[in-house]
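Structure file model-v2.txt; described as compact mmCIF, C-alpha atoms.
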```
# COMPACT_ATOMS: atom_id res chain seq x y z
CA MET A 1 12.45 -2.85 -5.06
CA LEU A 2 14.39 -5.90 -6.61
CA THR A 3 16.32 -8.07 -4.14
CA ASP A 4 15.63 -11.54 -2.76
CA THR A 5 12.05 -10.37 -2.16
CA ALA A 6 11.57 -9.53 -5.79
CA THR A 7 13.30 -12.74 -6.88
CA SER A 8 10.93 -14.79 -4.72
CA ALA A 9 8.00 -12.83 -6.10
CA MET A 10 8.93 -13.86 -9.65
CA THR A 11 8.93 -17.57 -8.84
CA ALA A 12 5.88 -19.81 -8.64
CA THR A 13 3.57 -18.79 -5.83
CA SER A 14 3.13 -21.27 -2.99
CA PRO A 15 -0.47 -22.03 -2.02
CA ILE A 16 -1.77 -19.42 0.39
CA LYS A 17 -4.25 -21.09 2.68
CA PRO A 18 -7.28 -19.24 4.03
CA GLU A 19 -7.95 -19.12 7.75
CA PRO A 20 -11.30 -18.92 9.55
CA PHE A 21 -12.30 -15.34 10.27
CA LYS A 22 -11.78 -14.88 14.01
CA VAL A 23 -12.04 -11.14 14.66
CA ALA A 24 -15.12 -9.26 13.48
CA CYS A 25 -14.73 -6.01 11.52
CA SER A 26 -16.63 -4.21 14.28
CA SER A 27 -13.93 -5.09 16.83
CA CYS A 28 -10.89 -4.78 14.56
CA ASN A 29 -8.41 -2.09 15.54
CA LEU A 30 -8.35 -0.90 11.91
CA ARG A 31 -12.10 -0.38 11.69
CA GLU A 32 -11.80 3.41 11.57
CA LEU A 33 -9.66 3.11 8.46
CA CYS A 34 -11.78 0.48 6.69
CA LEU A 35 -15.36 0.96 7.92
CA PRO A 36 -17.68 3.85 7.09
CA VAL A 37 -18.55 5.75 10.26
CA GLY A 38 -22.07 6.10 11.65
CA LEU A 39 -23.35 2.66 10.67
CA SER A 40 -26.15 1.02 12.60
CA GLN A 41 -25.41 -2.22 14.45
CA GLU A 42 -27.41 -4.11 11.81
CA ASN A 43 -25.23 -2.69 9.04
CA ILE A 44 -22.06 -3.51 10.99
CA ASP A 45 -23.27 -7.10 11.41
CA GLN A 46 -23.76 -7.28 7.64
CA ILE A 47 -20.21 -6.09 7.05
CA ASP A 48 -18.95 -8.71 9.53
CA SER A 49 -20.64 -11.34 7.39
CA LEU A 50 -19.01 -9.89 4.28
CA VAL A 51 -15.49 -10.92 5.32
CA GLY A 52 -15.51 -14.68 5.75
CA GLN A 53 -11.82 -15.56 5.81
CA ARG A 54 -8.29 -14.29 6.10
CA LYS A 55 -5.18 -15.29 4.22
CA GLN A 56 -1.62 -15.47 5.47
CA VAL A 57 0.86 -14.28 2.83
CA PRO A 58 4.52 -15.08 3.63
CA ARG A 59 7.22 -12.56 2.78
CA GLY A 60 8.09 -12.68 -0.91
CA GLU A 61 4.91 -14.51 -1.93
CA ALA A 62 2.26 -13.07 -4.24
CA LEU A 63 -1.31 -12.55 -3.10
CA PHE A 64 -2.30 -12.41 -6.76
CA ARG A 65 -0.51 -12.04 -10.08
CA THR A 66 -1.14 -10.32 -13.39
CA GLY A 67 -3.78 -12.25 -15.33
CA ASP A 68 -5.34 -13.97 -12.31
CA VAL A 69 -9.14 -14.01 -12.37
CA PHE A 70 -10.59 -11.19 -10.25
CA GLN A 71 -12.98 -12.42 -7.56
CA SER A 72 -12.20 -10.51 -4.37
CA ILE A 73 -10.60 -7.41 -3.02
CA PHE A 74 -8.33 -7.66 0.00
CA ALA A 75 -7.99 -5.49 3.08
CA VAL A 76 -4.48 -5.57 4.53
CA ARG A 77 -4.78 -6.43 8.22
CA THR A 78 -1.09 -6.81 9.07
CA GLY A 79 2.08 -6.49 7.06
CA PHE A 80 3.16 -4.60 3.97
CA PHE A 81 2.78 -5.16 0.21
CA LYS A 82 4.07 -3.79 -3.05
CA THR A 83 2.20 -3.81 -6.33
CA CYS A 84 4.20 -4.05 -9.53
CA VAL A 85 3.91 -4.67 -13.25
CA SER A 86 6.44 -6.24 -15.59
CA SER A 87 7.99 -4.04 -18.25
CA GLU A 88 8.73 -5.22 -21.77
CA ASP A 89 12.34 -5.99 -20.86
CA GLY A 90 11.22 -8.23 -17.97
CA ARG A 91 11.96 -5.85 -15.12
CA ASP A 92 9.44 -5.15 -12.37
CA GLN A 93 8.07 -1.62 -12.15
CA VAL A 94 6.75 -0.88 -8.65
CA THR A 95 3.40 0.95 -8.78
CA GLY A 96 2.57 1.27 -5.08
CA PHE A 97 3.07 0.20 -1.48
CA GLN A 98 0.13 -0.89 0.69
CA MET A 99 0.00 -1.18 4.48
CA ALA A 100 -2.52 -2.21 7.14
CA GLY A 101 -5.96 -0.67 6.62
CA GLU A 102 -5.56 -0.32 2.83
CA LEU A 103 -7.10 -2.31 0.00
CA LEU A 104 -5.55 -4.48 -2.69
CA GLY A 105 -7.14 -5.86 -5.84
CA LEU A 106 -9.07 -2.86 -7.13
CA ASP A 107 -7.10 -3.15 -10.38
CA GLY A 108 -9.15 -6.21 -11.35
CA ILE A 109 -12.59 -4.58 -11.32
CA SER A 110 -12.61 -3.19 -14.87
CA GLY A 111 -11.34 -6.23 -16.77
CA ASP A 112 -12.24 -9.11 -14.41
CA ARG A 113 -8.54 -10.01 -14.22
CA HIS A 114 -5.74 -8.52 -12.18
CA SER A 115 -3.41 -6.18 -14.06
CA CYS A 116 -0.51 -6.25 -11.56
CA ASP A 117 1.24 -8.46 -9.01
CA ALA A 118 0.72 -7.91 -5.27
CA VAL A 119 3.74 -9.20 -3.32
CA ALA A 120 4.19 -9.28 0.45
CA LEU A 121 7.25 -7.37 1.69
CA GLU A 122 6.96 -9.07 5.08
CA ASP A 123 4.80 -11.82 6.55
CA SER A 124 1.31 -10.39 6.12
CA GLN A 125 -2.36 -11.12 6.61
CA VAL A 126 -5.31 -9.95 4.53
CA CYS A 127 -9.08 -10.08 4.91
CA VAL A 128 -10.77 -11.53 1.81
CA ILE A 129 -13.81 -9.56 0.58
CA PRO A 130 -15.75 -11.29 -2.25
CA PHE A 131 -16.54 -8.52 -4.71
CA SER A 132 -19.96 -9.89 -5.70
CA ARG A 133 -21.03 -9.78 -2.04
CA LEU A 134 -19.61 -6.27 -1.66
CA GLU A 135 -21.67 -5.08 -4.62
CA GLU A 136 -24.77 -6.71 -3.17
CA LEU A 137 -24.35 -5.04 0.23
CA SER A 138 -23.50 -1.70 -1.38
CA ARG A 139 -26.91 -1.70 -3.02
CA GLU A 140 -28.57 -2.37 0.33
CA PHE A 141 -27.14 0.57 2.28
CA ASN A 142 -25.72 3.78 0.94
CA GLU A 143 -23.00 4.34 3.53
CA LEU A 144 -21.03 1.31 2.37
CA GLN A 145 -21.39 2.39 -1.25
CA ARG A 146 -20.25 5.90 -0.36
CA GLN A 147 -17.22 4.54 1.49
CA PHE A 148 -16.25 2.40 -1.48
CA HIS A 149 -16.54 5.41 -3.78
CA LYS A 150 -14.25 7.34 -1.42
CA ILE A 151 -11.69 4.53 -1.61
CA MET A 152 -11.84 4.56 -5.41
CA SER A 153 -11.42 8.34 -5.41
CA ARG A 154 -8.41 8.02 -3.08
CA GLU A 155 -6.77 5.66 -5.56
CA ILE A 156 -7.24 8.20 -8.34
CA VAL A 157 -5.73 10.95 -6.19
CA ARG A 158 -2.74 8.73 -5.45
CA ASP A 159 -2.25 8.05 -9.15
CA HIS A 160 -2.20 11.80 -9.73
CA GLY A 161 0.36 12.13 -6.94
CA VAL A 162 2.63 9.58 -8.62
CA MET A 163 2.32 11.43 -11.93
CA LEU A 164 3.36 14.63 -10.14
CA LEU A 165 6.33 12.89 -8.52
CA LEU A 166 7.57 11.46 -11.80
CA GLY A 167 6.74 14.40 -14.01
CA SER A 168 7.83 17.54 -12.20
CA MET A 169 10.04 16.76 -9.20
CA ARG A 170 13.78 16.44 -8.80
CA ALA A 171 15.22 13.37 -7.08
CA GLU A 172 15.44 15.07 -3.68
CA GLU A 173 11.84 16.24 -3.91
CA ARG A 174 10.62 12.80 -4.94
CA LEU A 175 12.28 11.04 -2.02
CA ALA A 176 11.20 13.72 0.45
CA ALA A 177 7.57 13.48 -0.73
CA PHE A 178 7.73 9.68 -0.50
CA LEU A 179 9.03 9.71 3.07
CA LEU A 180 6.53 12.36 4.19
CA ASN A 181 3.64 10.40 2.70
CA LEU A 182 4.84 7.17 4.30
CA THR A 183 5.12 8.71 7.76
CA GLN A 184 1.71 10.39 7.40
CA ARG A 185 0.08 7.06 6.62
CA LEU A 186 1.90 5.30 9.47
CA GLN A 187 0.95 8.06 11.89
CA ALA A 188 -2.72 7.55 10.98
CA ARG A 189 -2.26 3.97 12.24
CA GLY A 190 -0.82 5.03 15.57
CA PHE A 191 2.88 4.81 14.71
CA SER A 192 5.56 7.44 15.19
CA ALA A 193 5.41 10.53 12.98
CA SER A 194 9.21 10.70 12.79
CA SER A 195 10.66 7.18 13.02
CA LEU A 196 10.03 4.27 10.69
CA VAL A 197 11.53 1.05 9.42
CA LEU A 198 11.45 0.76 5.63
CA ARG A 199 9.88 -2.52 4.52
CA MET A 200 11.00 -1.94 0.97
CA THR A 201 14.55 -1.88 -0.42
CA ARG A 202 16.20 1.20 -1.89
CA GLU A 203 15.98 -0.44 -5.30
CA GLU A 204 12.23 -0.85 -4.88
CA ILE A 205 11.92 2.79 -3.79
CA GLY A 206 13.86 3.78 -6.91
CA SER A 207 11.59 1.71 -9.12
CA TYR A 208 8.55 3.42 -7.65
CA LEU A 209 10.00 6.94 -7.87
CA GLY A 210 11.60 6.52 -11.27
CA LEU A 211 15.13 6.82 -9.86
CA LYS A 212 18.25 4.67 -10.14
CA LEU A 213 19.42 2.78 -7.07
CA GLU A 214 22.57 4.92 -6.93
CA THR A 215 20.47 8.09 -6.93
CA VAL A 216 18.28 6.87 -4.08
CA SER A 217 21.30 5.89 -1.97
CA ARG A 218 23.07 9.17 -2.73
CA THR A 219 19.97 11.18 -1.82
CA PHE A 220 19.54 9.35 1.50
CA SER A 221 23.20 10.15 2.27
CA LYS A 222 22.69 13.81 1.36
CA PHE A 223 19.61 14.05 3.58
CA GLN A 224 21.67 12.69 6.44
CA GLU A 225 24.57 15.06 5.75
CA ASP A 226 22.12 18.00 5.64
CA GLY A 227 20.68 17.03 9.03
CA LEU A 228 17.25 16.08 7.67
CA LEU A 229 17.41 12.37 8.52
CA GLU A 230 19.25 9.81 10.59
CA VAL A 231 19.72 6.67 8.52
CA LYS A 232 20.76 3.29 9.89
CA GLN A 233 20.20 0.75 7.11
CA ARG A 234 16.39 0.53 6.92
CA GLN A 235 15.78 2.51 10.11
CA ILE A 236 14.90 6.12 9.35
CA ARG A 237 14.39 9.00 11.77
CA ILE A 238 13.23 12.39 10.52
CA VAL A 239 15.33 14.98 12.36
CA ASN A 240 14.20 18.12 10.54
CA LEU A 241 10.58 17.77 9.42
CA PRO A 242 10.15 21.41 8.27
CA GLY A 243 13.30 21.07 6.16
CA LEU A 244 12.00 17.91 4.52
CA GLN A 245 8.63 19.55 3.88
CA GLN A 246 10.32 22.59 2.37
CA LEU A 247 12.00 20.36 -0.21
CA VAL A 248 8.61 19.36 -1.55
CA ASN A 249 7.80 23.02 -2.21
CA GLY A 250 4.32 22.82 -0.76
CA THR A 251 3.25 20.00 -3.07
CA ASN A 252 0.57 17.73 -1.59
CA CYS A 253 2.20 14.34 -0.91
CA ALA A 254 -0.72 12.19 -2.01
CA ALA A 255 1.24 9.46 -3.79
CA ASN A 256 0.78 5.93 -2.51
```

Once you've parsed the file, please lay out its structure as structure tokens.
Amino acid sequence: MLTDTATSAMTATSPIKPEPFKVACSSCNLRELCLPVGLSQENIDQIDSLVGQRKQVPRGEALFRTGDVFQSIFAVRTGFFKTCVSSEDGRDQVTGFQMAGELLGLDGISGDRHSCDAVALEDSQVCVIPFSRLEELSREFNELQRQFHKIMSREIVRDHGVMLLLGSMRAEERLAAFLLNLTQRLQARGFSASSLVLRMTREEIGSYLGLKLETVSRTFSKFQEDGLLEVKQRQIRIVNLPGLQQLVNGTNCAAN
């Protein structure tokens, strides 16, 4: 991903102002993705108190940058983000894409500072979760602690998925696995299982998958010629799902 979005992301970040928290976690339409199931009302009330504010993050702005002090993790409520690190030659390497119902900021836990940039790919909103308060509540009831451990485990699985993509798959397999994973995640949020609008550029997809821009564009064209996809700029429709799945050779598409 490196177009005007990436250029904006490399400039100084404008202040991102917090907003009062207006919708409780218990009534949020993403609660099934974020909240552990089976909590008592008392526990749910405690979680509601955990998230005290939201932040609006305009397209192209950074929620946090490499080296920023780690204080909170962030639940994406609306919008889409990319995480990226800067290589030695100054280029951005995309490490993941995050959508509504997913967390940002876990990279800062080990070293108390963030190790990547998180940049909004469209106007977005996040819920701010102070990490010290999260740790405190996790000690009070096990279900929240268990849910957080599941989230951490999911991140590890996704890292393994990326290693598989970059280490053993051809370009066609990488792009097919990426699209299948993206549609699976969107479907879990109530969106179409076959149609999507890409929030990221082809260059950003290439950065994430370890492919050149030309290779990504050529592979999209081939998928369309082979009757797997219909492609209209950033609008994608999967025409032949079994064919796309067959390209991945049965590999689990767990990459983020």

Protein/DNA/RNA residues near (-8.0, -5.1, 4.2), cut 9 Å, only C-alpha atoms, as a list in words:
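I get Leu30, Cys34, Ile73, Phe74, Ala75, Val76, Arg77, Thr78, Met99, Ala100, Gly101, Glu102, Leu103, Leu104, Gln125, Val126, Cys127, Val128 and Ile129 of chain A for the residues within 9 Å of that point.
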
Work out how far apart CA of Val51 (chain A) and CA of Arg189 (chain A) are and give it in Å to one decimal.
21.1 Å

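Among the candidate residues A:Leu180, A:Ala193, A:Ile151, A:Val157, the one lying nearest to Val248 (chain A) is A:Leu180, with distances computed using only C-alpha atoms.
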
Can you measure CA of Ala62 (chain A) to CA of Asp117 (chain A) for me? One decimal in Å is fine.
6.7 Å

Residues at most 12 Å from Ser192 (chain A), counting all atoms listed in the file, excluding those fewer than 5 positions away in the same chain, as a count of residues only?
10

Quote the spacing between CA of Gln233 (chain A) and CA of Leu198 (chain A) in Å to one decimal place.
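That distance, rounded to one decimal, is 8.9 Å.
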
Could the centre and edge lengths of an axis-aligned box, enclosing all atoms of region 125-137 of chain A in the file with 5 Å extra on each side, be given in Å to one decimal as AutoDock Vina command-line options?
```
--center_x -13.6 --center_y -8.3 --center_z 0.5 --size_x 32.4 --size_y 16.5 --size_z 22.3
```

Mind listing whatever residues come within 7 Å of the point (16.2, 17.1, 12.7)? Use all atoms listed in the file, file coordinates, and give them as a list in words.
Gly227, Leu228, Leu229, Ile238, Val239, Asn240 and Leu241 of chain A

Please write the residues from the selection above to a file, keeping C-alpha atoms, as a PDB file, in the coordinates of the input.
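Once everything was written out, this is selection-v1.pdb:
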```
ATOM      1  CA  GLY A 227      20.680  17.030   9.030  1.00  0.00           C
ATOM      2  CA  LEU A 228      17.250  16.080   7.670  1.00  0.00           C
ATOM      3  CA  LEU A 229      17.410  12.370   8.520  1.00  0.00           C
ATOM      4  CA  ILE A 238      13.230  12.390  10.520  1.00  0.00           C
ATOM      5  CA  VAL A 239      15.330  14.980  12.360  1.00  0.00           C
ATOM      6  CA  ASN A 240      14.200  18.120  10.540  1.00  0.00           C
ATOM      7  CA  LEU A 241      10.580  17.770   9.420  1.00  0.00           C
TER       8      LEU A 241
END
```

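With distances taken over all atoms listed in the file, A:Ala118 is the one residue among A:Phe148, A:Ala118, A:Arg59, A:Arg113 lying closest to Ser86 (chain A).
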
Write out as a list in words which residues come within 9 Å of Leu209 (chain A) when counting all atoms listed in the file, dropping same-chain ones fewer than 5 positions away.
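Here the qualifying residues turn out to be Val94, Thr95, Val162, Leu165, Leu166, Ala171, Arg174, Leu175, Phe178 and Glu204 of chain A.
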
Return the single residue from A:Ala177, A:Ile47, A:Leu244, A:Cys116 that is closest to Phe141 (chain A), with distances computed using only C-alpha atoms.
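Smallest separation from Phe141 (chain A) among the options: A:Ile47.
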
Which neighbours of Asp68 (chain A) fall inside 12 Å, counting all atoms listed in the file, when residues of the same chain fewer than 3 positions from it are skipped, and could you give them as a PyMOL selection string?
chain A and resi 62-65+71-72+105+107-109+111-118

I want to know what sits within 10 Å of Leu137 (chain A), based on all atoms listed in the file, with residues of the same chain fewer than 6 positions away left out; could you give that as a PyMOL selection string?
chain A and resi 43+46-47+50+131+144-145

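All residues of protein, DNA or RNA that reach within 8 Å of region 206-208 of chain A, judged by only C-alpha atoms and not counting those fewer than 2 positions away in the chain, are Met1, Asp92, Gln93, Val94, Thr95, Gly96, Arg202, Glu203, Glu204, Gly210, Leu211, Lys212, Leu213, Thr215 and Val216 of chain A.
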